[in-house]
file data26.txt (compact mmCIF, C-alpha atoms and all ligand atoms)
# COMPACT_ATOMS: atom_id res chain seq x y z
CA MET A 1 81.53 116.93 82.07
CA LEU A 2 83.56 113.75 81.67
CA GLN A 3 87.06 115.02 81.20
CA GLN A 4 90.19 112.99 80.70
CA LEU A 5 91.04 111.99 84.22
CA VAL A 6 93.69 109.35 84.63
CA THR A 7 97.21 110.54 85.10
CA VAL A 8 99.36 108.16 83.15
CA ALA A 9 102.41 106.88 84.93
CA ASN A 10 104.90 104.57 83.32
CA CYS A 11 106.01 101.63 85.38
CA ARG A 12 108.49 99.40 83.62
CA GLN A 13 110.14 97.99 86.71
CA PRO A 14 108.51 94.71 87.86
CA TRP A 15 106.19 95.32 90.75
CA ASN A 16 107.89 92.95 93.18
CA GLN A 17 111.30 94.55 92.70
CA ILE A 18 110.40 98.11 93.51
CA ASP A 19 112.72 99.80 96.00
CA ARG A 20 110.46 101.05 98.74
CA THR A 21 113.01 102.63 101.06
CA MET A 22 112.18 106.16 99.89
CA ASN A 23 108.44 105.59 100.19
CA GLU A 24 108.48 104.02 103.61
CA THR A 25 110.09 107.06 105.16
CA GLU A 26 107.33 109.26 103.79
CA PRO A 27 105.11 109.56 106.88
CA SER A 28 101.96 110.93 105.24
CA ARG A 29 101.67 108.11 102.76
CA LEU A 30 100.35 105.35 105.04
CA PRO A 31 96.80 106.12 106.29
CA PRO A 32 96.17 105.90 110.07
CA GLY A 33 95.87 102.39 111.53
CA GLN A 34 97.36 100.70 108.45
CA GLN A 35 100.43 98.43 108.16
CA LEU A 36 102.56 97.98 105.08
CA ALA A 37 102.46 94.47 103.58
CA ALA A 38 105.70 92.78 102.52
CA ILE A 39 107.24 93.88 99.22
CA GLY A 40 105.56 92.13 96.29
CA LYS A 41 102.80 90.65 98.47
CA TRP A 42 99.16 91.04 97.51
CA PRO A 43 96.85 89.25 100.01
CA LEU A 44 93.65 87.58 98.82
CA ILE A 45 90.53 88.89 100.56
CA GLY A 46 86.85 88.02 100.18
CA GLU A 47 85.58 85.87 97.33
CA ARG A 48 88.19 83.68 95.64
CA GLU A 49 86.53 83.04 92.27
CA PRO A 50 83.79 84.35 89.98
CA ARG A 51 80.41 82.67 89.54
CA ASP A 52 81.03 81.36 86.05
CA SER A 53 84.45 81.77 84.56
CA ALA A 54 83.75 79.67 81.45
CA ALA A 55 81.16 82.04 79.94
CA PRO A 56 82.68 84.86 77.84
CA TRP A 57 83.41 88.01 79.80
CA THR A 58 81.45 91.14 79.02
CA LEU A 59 80.84 94.48 80.74
CA THR A 60 77.33 95.93 80.54
CA VAL A 61 76.81 99.63 81.27
CA ASP A 62 73.15 100.46 81.83
CA GLY A 63 70.66 102.20 84.12
CA LEU A 64 70.50 105.97 83.68
CA VAL A 65 72.70 106.15 80.58
CA LYS A 66 71.78 107.50 77.13
CA SER A 67 72.65 104.30 75.25
CA PRO A 68 73.20 101.13 77.29
CA GLN A 69 76.07 99.04 75.95
CA THR A 70 77.69 95.69 76.46
CA PHE A 71 81.43 95.54 75.80
CA SER A 72 83.25 92.31 75.13
CA LEU A 73 86.65 91.85 76.72
CA ALA A 74 88.21 92.37 73.27
CA GLN A 75 86.28 95.62 72.81
CA LEU A 76 87.48 96.88 76.19
CA ARG A 77 91.04 96.11 75.17
CA GLU A 78 90.60 98.11 71.95
CA LEU A 79 89.67 101.26 73.88
CA PRO A 80 92.48 103.62 74.93
CA GLN A 81 94.32 102.13 77.91
CA GLY A 82 95.59 104.07 80.90
CA ASP A 83 98.28 103.13 83.42
CA MET A 84 98.02 103.84 87.08
CA LYS A 85 100.35 103.14 90.00
CA LEU A 86 98.23 102.84 93.03
CA ASP A 87 98.53 102.50 96.81
CA ILE A 88 95.83 100.11 98.05
CA HIS A 89 94.47 100.16 101.59
CA CYS A 90 92.41 97.22 102.86
CA VAL A 91 89.97 97.85 105.68
CA THR A 92 91.64 94.94 107.54
CA ARG A 93 94.63 97.25 108.07
CA TRP A 94 97.16 96.20 105.44
CA SER A 95 98.32 98.50 102.67
CA GLN A 96 100.46 97.99 99.60
CA TYR A 97 102.23 100.69 97.60
CA ASP A 98 102.73 101.29 93.89
CA MET A 99 100.54 98.59 92.42
CA PRO A 100 100.71 98.93 88.63
CA PHE A 101 97.26 98.57 87.03
CA ARG A 102 96.36 99.11 83.41
CA GLY A 103 92.93 99.35 81.84
CA VAL A 104 90.14 101.59 80.61
CA ARG A 105 89.15 104.70 82.47
CA LEU A 106 85.57 104.71 83.76
CA ALA A 107 85.25 108.20 82.25
CA GLN A 108 86.13 106.77 78.83
CA VAL A 109 83.39 104.14 78.99
CA LEU A 110 80.79 106.66 80.21
CA GLU A 111 81.67 108.96 77.34
CA LEU A 112 80.64 106.15 74.99
CA THR A 113 77.31 105.41 76.71
CA GLY A 114 76.47 108.97 77.74
CA VAL A 115 75.01 109.69 81.19
CA LEU A 116 71.50 111.03 81.91
CA PRO A 117 71.30 114.11 84.15
CA GLU A 118 69.33 112.17 86.83
CA ALA A 119 72.24 109.79 87.39
CA LYS A 120 73.84 110.57 90.76
CA PHE A 121 75.25 107.18 91.87
CA ILE A 122 77.11 104.37 90.22
CA SER A 123 76.97 100.71 91.24
CA PHE A 124 79.64 98.18 90.25
CA VAL A 125 78.28 94.64 90.13
CA SER A 126 80.32 91.44 90.15
CA ARG A 127 79.76 88.14 88.39
CA SER A 128 79.98 86.22 91.66
CA THR A 129 77.73 83.85 93.56
CA ARG A 130 76.49 86.59 95.87
CA ASP A 131 76.20 89.23 93.12
CA HIS A 132 78.76 91.23 95.06
CA SER A 133 78.63 94.97 94.44
CA SER A 134 79.81 98.33 95.70
CA SER A 135 78.68 101.86 94.88
CA LEU A 136 79.95 105.43 94.81
CA GLU A 137 78.60 108.87 94.09
CA LEU A 138 79.06 109.29 90.35
CA ALA A 139 80.95 112.56 90.75
CA VAL A 140 83.28 110.92 93.29
CA ALA A 141 83.89 107.88 91.08
CA LEU A 142 85.02 110.19 88.28
CA GLN A 143 87.01 112.51 90.50
CA LEU A 144 88.90 109.53 91.97
CA GLU A 145 89.84 108.41 88.43
CA THR A 146 88.21 104.99 88.75
CA LEU A 147 89.80 102.45 86.43
CA ILE A 148 88.36 99.32 84.82
CA ALA A 149 91.50 97.27 85.21
CA LEU A 150 92.44 94.48 82.79
CA ASP A 151 96.16 94.13 83.50
CA PHE A 152 98.39 94.08 86.54
CA ASP A 153 102.16 94.42 86.34
CA GLY A 154 102.19 93.93 82.57
CA ARG A 155 100.03 90.78 82.55
CA PRO A 156 96.29 90.06 82.47
CA LEU A 157 94.90 90.42 85.97
CA ALA A 158 94.91 87.06 87.80
CA ARG A 159 91.57 85.33 88.25
CA GLU A 160 91.66 85.30 92.06
CA HIS A 161 92.34 89.06 92.09
CA GLY A 162 89.31 89.83 89.93
CA GLY A 163 90.56 89.07 86.41
CA PRO A 164 89.75 89.46 83.62
CA ILE A 165 87.84 92.68 84.49
CA ARG A 166 88.12 94.43 87.82
CA ASN A 167 87.05 97.77 89.14
CA ILE A 168 89.80 99.83 90.79
CA VAL A 169 88.85 102.83 92.95
CA PRO A 170 91.88 104.82 94.13
CA ARG A 171 92.00 106.52 97.55
CA ARG A 172 89.19 104.44 99.09
CA TYR A 173 89.39 101.25 101.15
CA PHE A 174 89.87 98.37 98.76
CA TYR A 175 86.36 96.93 99.28
CA LYS A 176 85.17 99.61 96.85
CA SER A 177 87.16 97.83 94.11
CA VAL A 178 84.88 95.05 92.86
CA LYS A 179 86.46 91.87 91.42
CA TRP A 180 85.02 90.22 88.25
CA LEU A 181 83.20 93.37 87.18
CA GLU A 182 80.26 92.47 84.93
CA ARG A 183 77.88 95.40 85.17
CA ILE A 184 77.99 99.13 85.82
CA GLU A 185 74.63 100.63 86.67
CA LEU A 186 73.90 104.37 86.86
CA LEU A 187 71.33 105.20 89.55
CA ALA A 188 69.35 108.19 90.85
CA VAL A 189 69.37 106.82 94.42
CA ASP A 190 72.26 104.97 96.06
CA ARG A 191 72.16 101.19 96.49
CA LEU A 192 74.43 99.88 99.27
CA GLY A 193 77.02 97.34 98.21
CA PHE A 194 77.52 93.85 99.64
CA TRP A 195 79.99 94.63 102.45
CA GLU A 196 78.35 97.97 103.18
CA ALA A 197 74.96 96.27 103.68
CA GLU A 198 76.11 92.96 105.20
CA SER A 199 79.02 93.96 107.36
CA GLY A 200 78.40 97.62 108.10
CA TYR A 201 81.45 98.79 106.16
CA HIS A 202 81.38 102.56 105.78
CA ASN A 203 79.84 103.70 102.50
CA HIS A 204 82.29 106.58 102.09
CA ALA A 205 85.40 104.45 102.88
CA ASP A 206 88.04 107.18 103.07
CA PRO A 207 91.19 105.61 104.63
CA TRP A 208 92.53 109.02 105.68
CA ARG A 209 89.47 109.53 107.88
CA GLU A 210 89.41 105.87 108.95
CA GLU A 211 85.89 105.45 107.63
CA ARG A 212 85.88 101.68 108.22
CA TYR A 213 82.44 101.07 109.75
CA MET A 214 79.10 102.80 109.98
CA ALA A 215 77.85 103.56 113.50
CA PRO A 216 76.65 100.38 115.26
CA GLN A 217 72.94 99.66 115.32
CA ILE A 218 72.72 97.36 118.35
CA ASP A 219 70.04 98.14 120.87
CA ARG A 220 71.91 99.18 124.02
CA ARG A 221 69.63 97.44 126.50
CA LEU A 222 69.83 94.20 124.56
CA ALA A 223 73.63 94.55 124.48
CA GLN A 224 73.75 95.01 128.28
CA GLN A 225 71.59 91.93 128.78
CA LEU A 226 73.76 89.78 126.49
CA ILE A 227 76.90 90.99 128.27
CA ALA A 228 75.36 90.08 131.64
CA GLU A 229 74.41 86.59 130.40
CA LYS A 230 77.73 86.12 128.55
CA LYS A 231 75.91 84.51 125.62
CA PHE A 232 77.04 85.83 122.25
CA ALA A 233 77.08 82.58 120.27
CA ASN A 234 75.99 82.96 116.64
CA LEU A 235 74.65 86.50 117.19
CA ASP A 236 75.34 89.54 115.03
CA LEU A 237 76.90 92.03 117.46
CA ARG A 238 79.07 94.10 115.14
CA SER A 239 80.78 97.04 116.88
CA ILE A 240 79.44 96.07 120.34
CA ASP A 241 81.19 97.89 123.16
CA CYS A 242 82.49 95.47 125.83
CA SER A 243 85.45 97.52 126.96
CA LEU A 244 86.46 97.05 130.62
CA ARG A 245 83.71 94.45 131.19
CA ASP A 246 84.11 91.11 132.93
CA LEU A 247 83.21 88.50 130.34
CA SER A 248 85.18 85.52 131.66
CA GLY A 249 83.89 82.28 130.16
CA LEU A 250 81.99 84.15 127.42
CA ASP A 251 80.44 81.91 124.77
CA ALA A 252 81.00 83.81 121.51
CA ARG A 253 81.30 80.84 119.15
CA GLY A 254 80.33 81.75 115.61
CA ALA A 255 79.38 85.31 116.57
CA ALA A 256 79.68 88.23 114.14
CA LEU A 257 81.88 90.65 116.08
CA ARG A 258 83.53 92.84 113.44
CA ASP A 259 84.89 96.04 114.97
CA ALA A 260 83.79 94.93 118.47
CA ASN A 261 85.47 96.74 121.34
CA PHE A 262 87.00 94.41 123.98
CA ARG A 263 89.67 96.88 125.14
CA GLU A 264 90.83 96.02 128.69
CA ALA A 265 87.99 93.49 129.06
CA ARG A 266 88.43 90.38 131.22
CA LEU A 267 87.78 87.42 128.93
CA VAL A 268 89.54 84.54 130.68
CA GLY A 269 88.49 81.22 129.11
CA ALA A 270 86.16 82.85 126.57
CA ASP A 271 85.38 80.86 123.41
CA PHE A 272 85.55 82.82 120.15
CA SER A 273 85.91 79.77 117.90
CA GLY A 274 84.53 80.38 114.42
CA ALA A 275 83.69 84.00 115.26
CA ASN A 276 84.25 86.89 112.90
CA LEU A 277 86.50 89.27 114.84
CA SER A 278 87.70 91.30 111.88
CA ASN A 279 89.11 94.62 113.17
CA ALA A 280 88.07 93.77 116.75
CA HIS A 281 89.88 95.66 119.53
CA PHE A 282 91.54 93.51 122.19
CA GLU A 283 94.10 96.06 123.41
CA ARG A 284 95.18 95.18 126.98
CA ALA A 285 92.39 92.57 127.28
CA ASP A 286 92.85 89.54 129.53
CA LEU A 287 92.56 86.66 127.05
CA ARG A 288 94.16 83.89 129.09
CA ASN A 289 93.02 80.42 127.91
CA CYS A 290 90.72 81.92 125.26
CA ARG A 291 89.81 79.82 122.25
CA PHE A 292 89.99 81.40 118.78
CA LEU A 293 89.83 78.19 116.71
CA GLY A 294 89.21 79.08 113.06
CA ALA A 295 88.29 82.66 113.99
CA ASP A 296 88.60 85.54 111.54
CA LEU A 297 91.10 87.86 113.24
CA GLU A 298 91.91 89.99 110.19
CA GLY A 299 92.83 93.48 111.33
CA ALA A 300 92.26 92.61 115.02
CA ASP A 301 94.50 94.37 117.55
CA PHE A 302 96.06 92.41 120.47
CA SER A 303 98.45 95.15 121.60
CA GLY A 304 99.17 94.71 125.30
CA ALA A 305 96.71 91.77 125.56
CA ASP A 306 97.38 88.66 127.64
CA LEU A 307 97.27 85.58 125.40
CA ARG A 308 98.81 83.11 127.81
CA GLY A 309 97.24 79.69 127.24
CA ALA A 310 95.14 80.97 124.35
CA ASN A 311 94.58 78.76 121.30
CA LEU A 312 94.56 80.42 117.86
CA THR A 313 94.68 77.27 115.72
CA GLY A 314 93.33 77.88 112.22
CA ALA A 315 92.65 81.59 112.78
CA SER A 316 93.14 83.99 109.85
CA LEU A 317 95.64 86.71 110.62
CA THR A 318 95.84 89.09 107.66
CA GLY A 319 96.61 92.53 109.10
CA THR A 320 96.47 91.32 112.72
CA THR A 321 98.52 93.24 115.33
CA PHE A 322 100.30 91.46 118.22
CA GLY A 323 102.46 94.36 119.29
CA SER A 324 102.62 98.09 118.61
CA GLU A 325 103.45 101.34 120.39
CA ARG A 326 100.36 100.49 122.46
CA GLY A 327 102.22 97.51 123.94
CA LEU A 328 103.21 93.90 123.21
CA CYS A 329 100.90 90.99 123.87
CA ARG A 330 101.90 88.25 126.33
CA LEU A 331 102.39 84.64 125.27
CA ASP A 332 103.54 81.63 127.25
CA ALA A 333 104.54 78.04 126.48
CA ALA A 334 100.86 77.04 126.55
CA THR A 335 99.82 79.60 123.91
CA ILE A 336 99.01 77.84 120.63
CA LEU A 337 99.93 80.12 117.73
CA PRO A 338 101.06 77.72 114.99
CA ASP A 339 103.65 78.86 112.46
CA GLU A 340 101.42 77.85 109.54
CA ILE A 341 98.90 80.60 110.29
CA LEU A 342 101.53 83.38 110.53
CA GLY A 343 102.04 83.75 106.76
CA PRO A 344 99.52 86.59 106.22
CA LEU A 345 101.08 88.84 108.91
CA THR A 346 103.04 91.90 107.84
CA PRO A 347 106.83 91.57 108.18
CA ASP A 348 106.82 93.81 111.29
CA GLN A 349 104.21 91.66 113.02
CA THR A 350 105.91 88.42 111.98
CA ALA A 351 109.05 89.67 113.71
CA VAL A 352 107.07 90.67 116.82
CA VAL A 353 105.40 87.24 117.07
CA GLN A 354 108.60 85.34 116.46
CA ARG A 355 110.34 87.26 119.24
CA LEU A 356 107.41 86.74 121.63
CA LYS A 357 107.35 83.02 120.84
CA VAL A 358 111.07 82.67 121.59
CA ASP A 359 110.66 84.55 124.89
CA ALA A 360 107.65 82.38 125.80
CA ILE A 361 109.57 79.12 125.82
N1 LIG B 1 83.44 90.31 93.83
C1 LIG B 1 84.09 90.67 94.95
N2 LIG B 1 84.84 91.79 94.94
C2 LIG B 1 85.50 92.17 96.07
C3 LIG B 1 85.41 91.42 97.26
C4 LIG B 1 84.62 90.24 97.23
O1 LIG B 1 84.52 89.51 98.23
N3 LIG B 1 83.98 89.90 96.07
N4 LIG B 1 86.06 91.83 98.40
C5 LIG B 1 86.50 93.22 98.48
C6 LIG B 1 87.49 93.43 99.53
S1 LIG B 1 86.91 93.56 101.11
C7 LIG B 1 88.81 93.62 99.26
S2 LIG B 1 89.90 94.04 100.46
C8 LIG B 1 89.33 93.41 97.90
C9 LIG B 1 90.37 92.31 97.94
O2 LIG B 1 90.92 92.12 96.68
P1 LIG B 1 92.11 91.09 96.50
O3 LIG B 1 91.61 89.74 96.95
O4 LIG B 1 92.47 91.14 95.07
O5 LIG B 1 93.22 91.58 97.40
O6 LIG B 1 88.33 93.06 96.96
C10 LIG B 1 87.09 93.68 97.14
N5 LIG B 1 86.24 93.30 96.05
MO MO B 2 88.76 94.42 102.47
call {"tool": "encode", "arguments": {"input": "data26.txt", "output": "structure tokens"}}
result
Amino acid sequence: MLQQLVTVANCRQPWNQIDRTMNETEPSRLPPGQQLAAIGKWPLIGEREPRDSAAPWTLTVDGLVKSPQTFSLAQLRELPQGDMKLDIHCVTRWSQYDMPFRGVRLAQVLELTGVLPEAKFISFVSRSTRDHSSSLELAVALQLETLIALDFDGRPLAREHGGPIRNIVPRRYFYKSVKWLERIELLAVDRLGFWEAESGYHNHADPWREERYMAPQIDRRLAQQLIAEKKFANLDLRSIDCSLRDLSGLDARGAALRDANFREARLVGADFSGANLSNAHFERADLRNCRFLGADLEGADFSGADLRGANLTGASLTGTTFGSERGLCRLDAATILPDEILGPLTPDQTAVVQRLKVDAI
């Protein structure tokens, strides 16, 4: 059942010197709603460090396996290594091409432990403070050629990117690839991972189908009442639909608003400080004098929005869109969009913002 799965590609050219011109013109390569990150750039997302990096690193494979095993890092390195050049796609809308990983194939490790016939799911568990995890159907994990990565670009994987042992799941949003992998558990019934359970990220996570979020679970009458009262502060309102509504003066400080829909909404003077607006939709919204202090705006879309007088100090902008074929946003001299927060934008969006800022003065 567990065949040899990883296609081995040789990548001798350093990762940050790859010529992308051929790839970028290939239209089918970038999944819908994604932007290409700058050459050689690998953004940091989620947890920054493992729970305990001093203790020796091991990988335990247990659950519904024939013989549970714990591999030391050295033992993993002694197993046959496979190379893989991979396009990664983060749910917050940035992608990066041709990332050269090296490590042990999941199939290889499962051949050593054996798998019981009842095993249908596989959970990857991290050595991190929140015991971060993500899961897949076992058959899918194998079919996708999941890799237990130890090296990146010819060197041991960096700590902040999940070194020394990281799970890499090709052709799924990158949240399926767990950093600081410590345990692989074979299960009969699925167990939702951290982001899937906490943030409503889609459990299937196929970027080609834009499987970013599960359907929202907010009670519609409650949502209508909160919209009428304009009180969102500190509430969990993921994926709420506020499109075309008048929410001027909204208090949304500290609210959890991932994937929320504010398209064409009137939000003059609203306060989103400290809110999580990851992948929120603000296309053509009226955001004059809004406050976004310290807000998470990763993957948020401001195409055609009015940001005159808005304050984005300290906001995080990985994968954020300020202009696209859906329109440019509007800035003026009173808009506060400090240069020091622009670093995580893609090159295209950096250029858009810089042009808008010049025009605004
Ligand atoms: N342990 C752990 N693994 C994790 C995460 C995390 O927060 N903790 N975040 C996931 C998400 S959402 C993404 S996009 C990638 C980011 O990996 P990077 O920081 O190396 O780019 O790791 C995934 N694996
Ligand atoms: Mo992510």
call {"tool": "residues_around", "arguments": {"input": "data26.txt", "residues": "Trp180 in chain A", "least_positions_apart": "3", "cutoff": "6 Å", "atoms": "all atoms listed in the file", "output": "list in words"}}
result
Ser126, Arg127, Gly162, Gly163, Ile165 and Arg166 of chain A
call {"tool": "residues_near_ligand", "arguments": {"input": "data26.txt", "ligand": "ligand MO 2 (chain B)", "cutoff": "8 Å", "atoms": "only C-alpha atoms and all ligand atoms", "output": "PyMOL selection string"}}
result
chain A and resi 45-46+90-92+173-175
call {"tool": "atom_distance", "arguments": {"input": "data26.txt", "atom1": "CA of Leu293 in chain A", "atom2": "CA of Asp306 in chain A"}}
result
16.9 Å
call {"tool": "atom_distance", "arguments": {"input": "data26.txt", "atom1": "CA of Leu297 in chain A", "atom2": "CA of Ala315 in chain A"}}
result
6.5 Å
call {"tool": "residues_near_ligand", "arguments": {"input": "data26.txt", "ligand": "ligand LIG 1 (chain B)", "cutoff": "10 Å", "atoms": "only C-alpha atoms and all ligand atoms", "output": "PyMOL selection string"}}
result
chain A and resi 41-51+88-96+124-134+157-163+166-168+173-182+194-196+201
call {"tool": "write_last_selection", "arguments": {"input": "data26.txt", "atoms": "C-alpha atoms", "output": "PDB file, in the frame of the given file"}}
result
ATOM      1  CA  LYS A  41     102.800  90.650  98.470  1.00  0.00           C
ATOM      2  CA  TRP A  42      99.160  91.040  97.510  1.00  0.00           C
ATOM      3  CA  PRO A  43      96.850  89.250 100.010  1.00  0.00           C
ATOM      4  CA  LEU A  44      93.650  87.580  98.820  1.00  0.00           C
ATOM      5  CA  ILE A  45      90.530  88.890 100.560  1.00  0.00           C
ATOM      6  CA  GLY A  46      86.850  88.020 100.180  1.00  0.00           C
ATOM      7  CA  GLU A  47      85.580  85.870  97.330  1.00  0.00           C
ATOM      8  CA  ARG A  48      88.190  83.680  95.640  1.00  0.00           C
ATOM      9  CA  GLU A  49      86.530  83.040  92.270  1.00  0.00           C
ATOM     10  CA  PRO A  50      83.790  84.350  89.980  1.00  0.00           C
ATOM     11  CA  ARG A  51      80.410  82.670  89.540  1.00  0.00           C
ATOM     12  CA  ILE A  88      95.830 100.110  98.050  1.00  0.00           C
ATOM     13  CA  HIS A  89      94.470 100.160 101.590  1.00  0.00           C
ATOM     14  CA  CYS A  90      92.410  97.220 102.860  1.00  0.00           C
ATOM     15  CA  VAL A  91      89.970  97.850 105.680  1.00  0.00           C
ATOM     16  CA  THR A  92      91.640  94.940 107.540  1.00  0.00           C
ATOM     17  CA  ARG A  93      94.630  97.250 108.070  1.00  0.00           C
ATOM     18  CA  TRP A  94      97.160  96.200 105.440  1.00  0.00           C
ATOM     19  CA  SER A  95      98.320  98.500 102.670  1.00  0.00           C
ATOM     20  CA  GLN A  96     100.460  97.990  99.600  1.00  0.00           C
ATOM     21  CA  PHE A 124      79.640  98.180  90.250  1.00  0.00           C
ATOM     22  CA  VAL A 125      78.280  94.640  90.130  1.00  0.00           C
ATOM     23  CA  SER A 126      80.320  91.440  90.150  1.00  0.00           C
ATOM     24  CA  ARG A 127      79.760  88.140  88.390  1.00  0.00           C
ATOM     25  CA  SER A 128      79.980  86.220  91.660  1.00  0.00           C
ATOM     26  CA  THR A 129      77.730  83.850  93.560  1.00  0.00           C
ATOM     27  CA  ARG A 130      76.490  86.590  95.870  1.00  0.00           C
ATOM     28  CA  ASP A 131      76.200  89.230  93.120  1.00  0.00           C
ATOM     29  CA  HIS A 132      78.760  91.230  95.060  1.00  0.00           C
ATOM     30  CA  SER A 133      78.630  94.970  94.440  1.00  0.00           C
ATOM     31  CA  SER A 134      79.810  98.330  95.700  1.00  0.00           C
ATOM     32  CA  LEU A 157      94.900  90.420  85.970  1.00  0.00           C
ATOM     33  CA  ALA A 158      94.910  87.060  87.800  1.00  0.00           C
ATOM     34  CA  ARG A 159      91.570  85.330  88.250  1.00  0.00           C
ATOM     35  CA  GLU A 160      91.660  85.300  92.060  1.00  0.00           C
ATOM     36  CA  HIS A 161      92.340  89.060  92.090  1.00  0.00           C
ATOM     37  CA  GLY A 162      89.310  89.830  89.930  1.00  0.00           C
ATOM     38  CA  GLY A 163      90.560  89.070  86.410  1.00  0.00           C
ATOM     39  CA  ARG A 166      88.120  94.430  87.820  1.00  0.00           C
ATOM     40  CA  ASN A 167      87.050  97.770  89.140  1.00  0.00           C
ATOM     41  CA  ILE A 168      89.800  99.830  90.790  1.00  0.00           C
ATOM     42  CA  TYR A 173      89.390 101.250 101.150  1.00  0.00           C
ATOM     43  CA  PHE A 174      89.870  98.370  98.760  1.00  0.00           C
ATOM     44  CA  TYR A 175      86.360  96.930  99.280  1.00  0.00           C
ATOM     45  CA  LYS A 176      85.170  99.610  96.850  1.00  0.00           C
ATOM     46  CA  SER A 177      87.160  97.830  94.110  1.00  0.00           C
ATOM     47  CA  VAL A 178      84.880  95.050  92.860  1.00  0.00           C
ATOM     48  CA  LYS A 179      86.460  91.870  91.420  1.00  0.00           C
ATOM     49  CA  TRP A 180      85.020  90.220  88.250  1.00  0.00           C
ATOM     50  CA  LEU A 181      83.200  93.370  87.180  1.00  0.00           C
ATOM     51  CA  GLU A 182      80.260  92.470  84.930  1.00  0.00           C
ATOM     52  CA  PHE A 194      77.520  93.850  99.640  1.00  0.00           C
ATOM     53  CA  TRP A 195      79.990  94.630 102.450  1.00  0.00           C
ATOM     54  CA  GLU A 196      78.350  97.970 103.180  1.00  0.00           C
ATOM     55  CA  TYR A 201      81.450  98.790 106.160  1.00  0.00           C
TER      56      TYR A 201
END
call {"tool": "atom_distance", "arguments": {"input": "data26.txt", "atom1": "CA of Pro344 in chain A", "atom2": "CA of Ser28 in chain A"}}
result
24.5 Å
call {"tool": "closest_residue", "arguments": {"input": "data26.txt", "among": "A:Gly323, A:Pro207, A:Pro164, A:Pro32", "to": "Thr346 in chain A", "atoms": "all atoms listed in the file"}}
result
A:Gly323
call {"tool": "residues_around", "arguments": {"input": "data26.txt", "residues": "Leu277 in chain A", "least_positions_apart": "6", "cutoff": "6 Å", "atoms": "all atoms listed in the file", "output": "PyMOL selection string"}}
result
chain A and resi 257-258+296-297
call {"tool": "residues_near_point", "arguments": {"input": "data26.txt", "point": "(89.2, 103.0, 86.1)", "cutoff": "9 Å", "atoms": "only C-alpha atoms", "output": "PDB file with C-alpha atoms, in the frame of the given file"}}
result
ATOM      1  CA  VAL A   6      93.690 109.350  84.630  1.00  0.00           C
ATOM      2  CA  GLY A  82      95.590 104.070  80.900  1.00  0.00           C
ATOM      3  CA  MET A  84      98.020 103.840  87.080  1.00  0.00           C
ATOM      4  CA  ARG A 102      96.360  99.110  83.410  1.00  0.00           C
ATOM      5  CA  GLY A 103      92.930  99.350  81.840  1.00  0.00           C
ATOM      6  CA  VAL A 104      90.140 101.590  80.610  1.00  0.00           C
ATOM      7  CA  ARG A 105      89.150 104.700  82.470  1.00  0.00           C
ATOM      8  CA  LEU A 106      85.570 104.710  83.760  1.00  0.00           C
ATOM      9  CA  ALA A 107      85.250 108.200  82.250  1.00  0.00           C
ATOM     10  CA  GLN A 108      86.130 106.770  78.830  1.00  0.00           C
ATOM     11  CA  ALA A 141      83.890 107.880  91.080  1.00  0.00           C
ATOM     12  CA  LEU A 142      85.020 110.190  88.280  1.00  0.00           C
ATOM     13  CA  LEU A 144      88.900 109.530  91.970  1.00  0.00           C
ATOM     14  CA  GLU A 145      89.840 108.410  88.430  1.00  0.00           C
ATOM     15  CA  THR A 146      88.210 104.990  88.750  1.00  0.00           C
ATOM     16  CA  LEU A 147      89.800 102.450  86.430  1.00  0.00           C
ATOM     17  CA  ILE A 148      88.360  99.320  84.820  1.00  0.00           C
ATOM     18  CA  ALA A 149      91.500  97.270  85.210  1.00  0.00           C
ATOM     19  CA  ARG A 166      88.120  94.430  87.820  1.00  0.00           C
ATOM     20  CA  ASN A 167      87.050  97.770  89.140  1.00  0.00           C
ATOM     21  CA  ILE A 168      89.800  99.830  90.790  1.00  0.00           C
ATOM     22  CA  VAL A 169      88.850 102.830  92.950  1.00  0.00           C
ATOM     23  CA  PRO A 170      91.880 104.820  94.130  1.00  0.00           C
TER      24      PRO A 170
END
call {"tool": "residues_around", "arguments": {"input": "data26.txt", "residues": "Arg266 in chain A", "least_positions_apart": "4", "cutoff": "10 Å", "atoms": "only C-alpha atoms", "output": "ChimeraX atom specification"}}
result
/A:242-250,262,270,284-288,306
call {"tool": "closest_residue", "arguments": {"input": "data26.txt", "among": "A:Ser273, A:Ser67, A:Ser278, A:Ser239", "to": "Phe292 in chain A", "atoms": "all atoms listed in the file"}}
result
A:Ser273
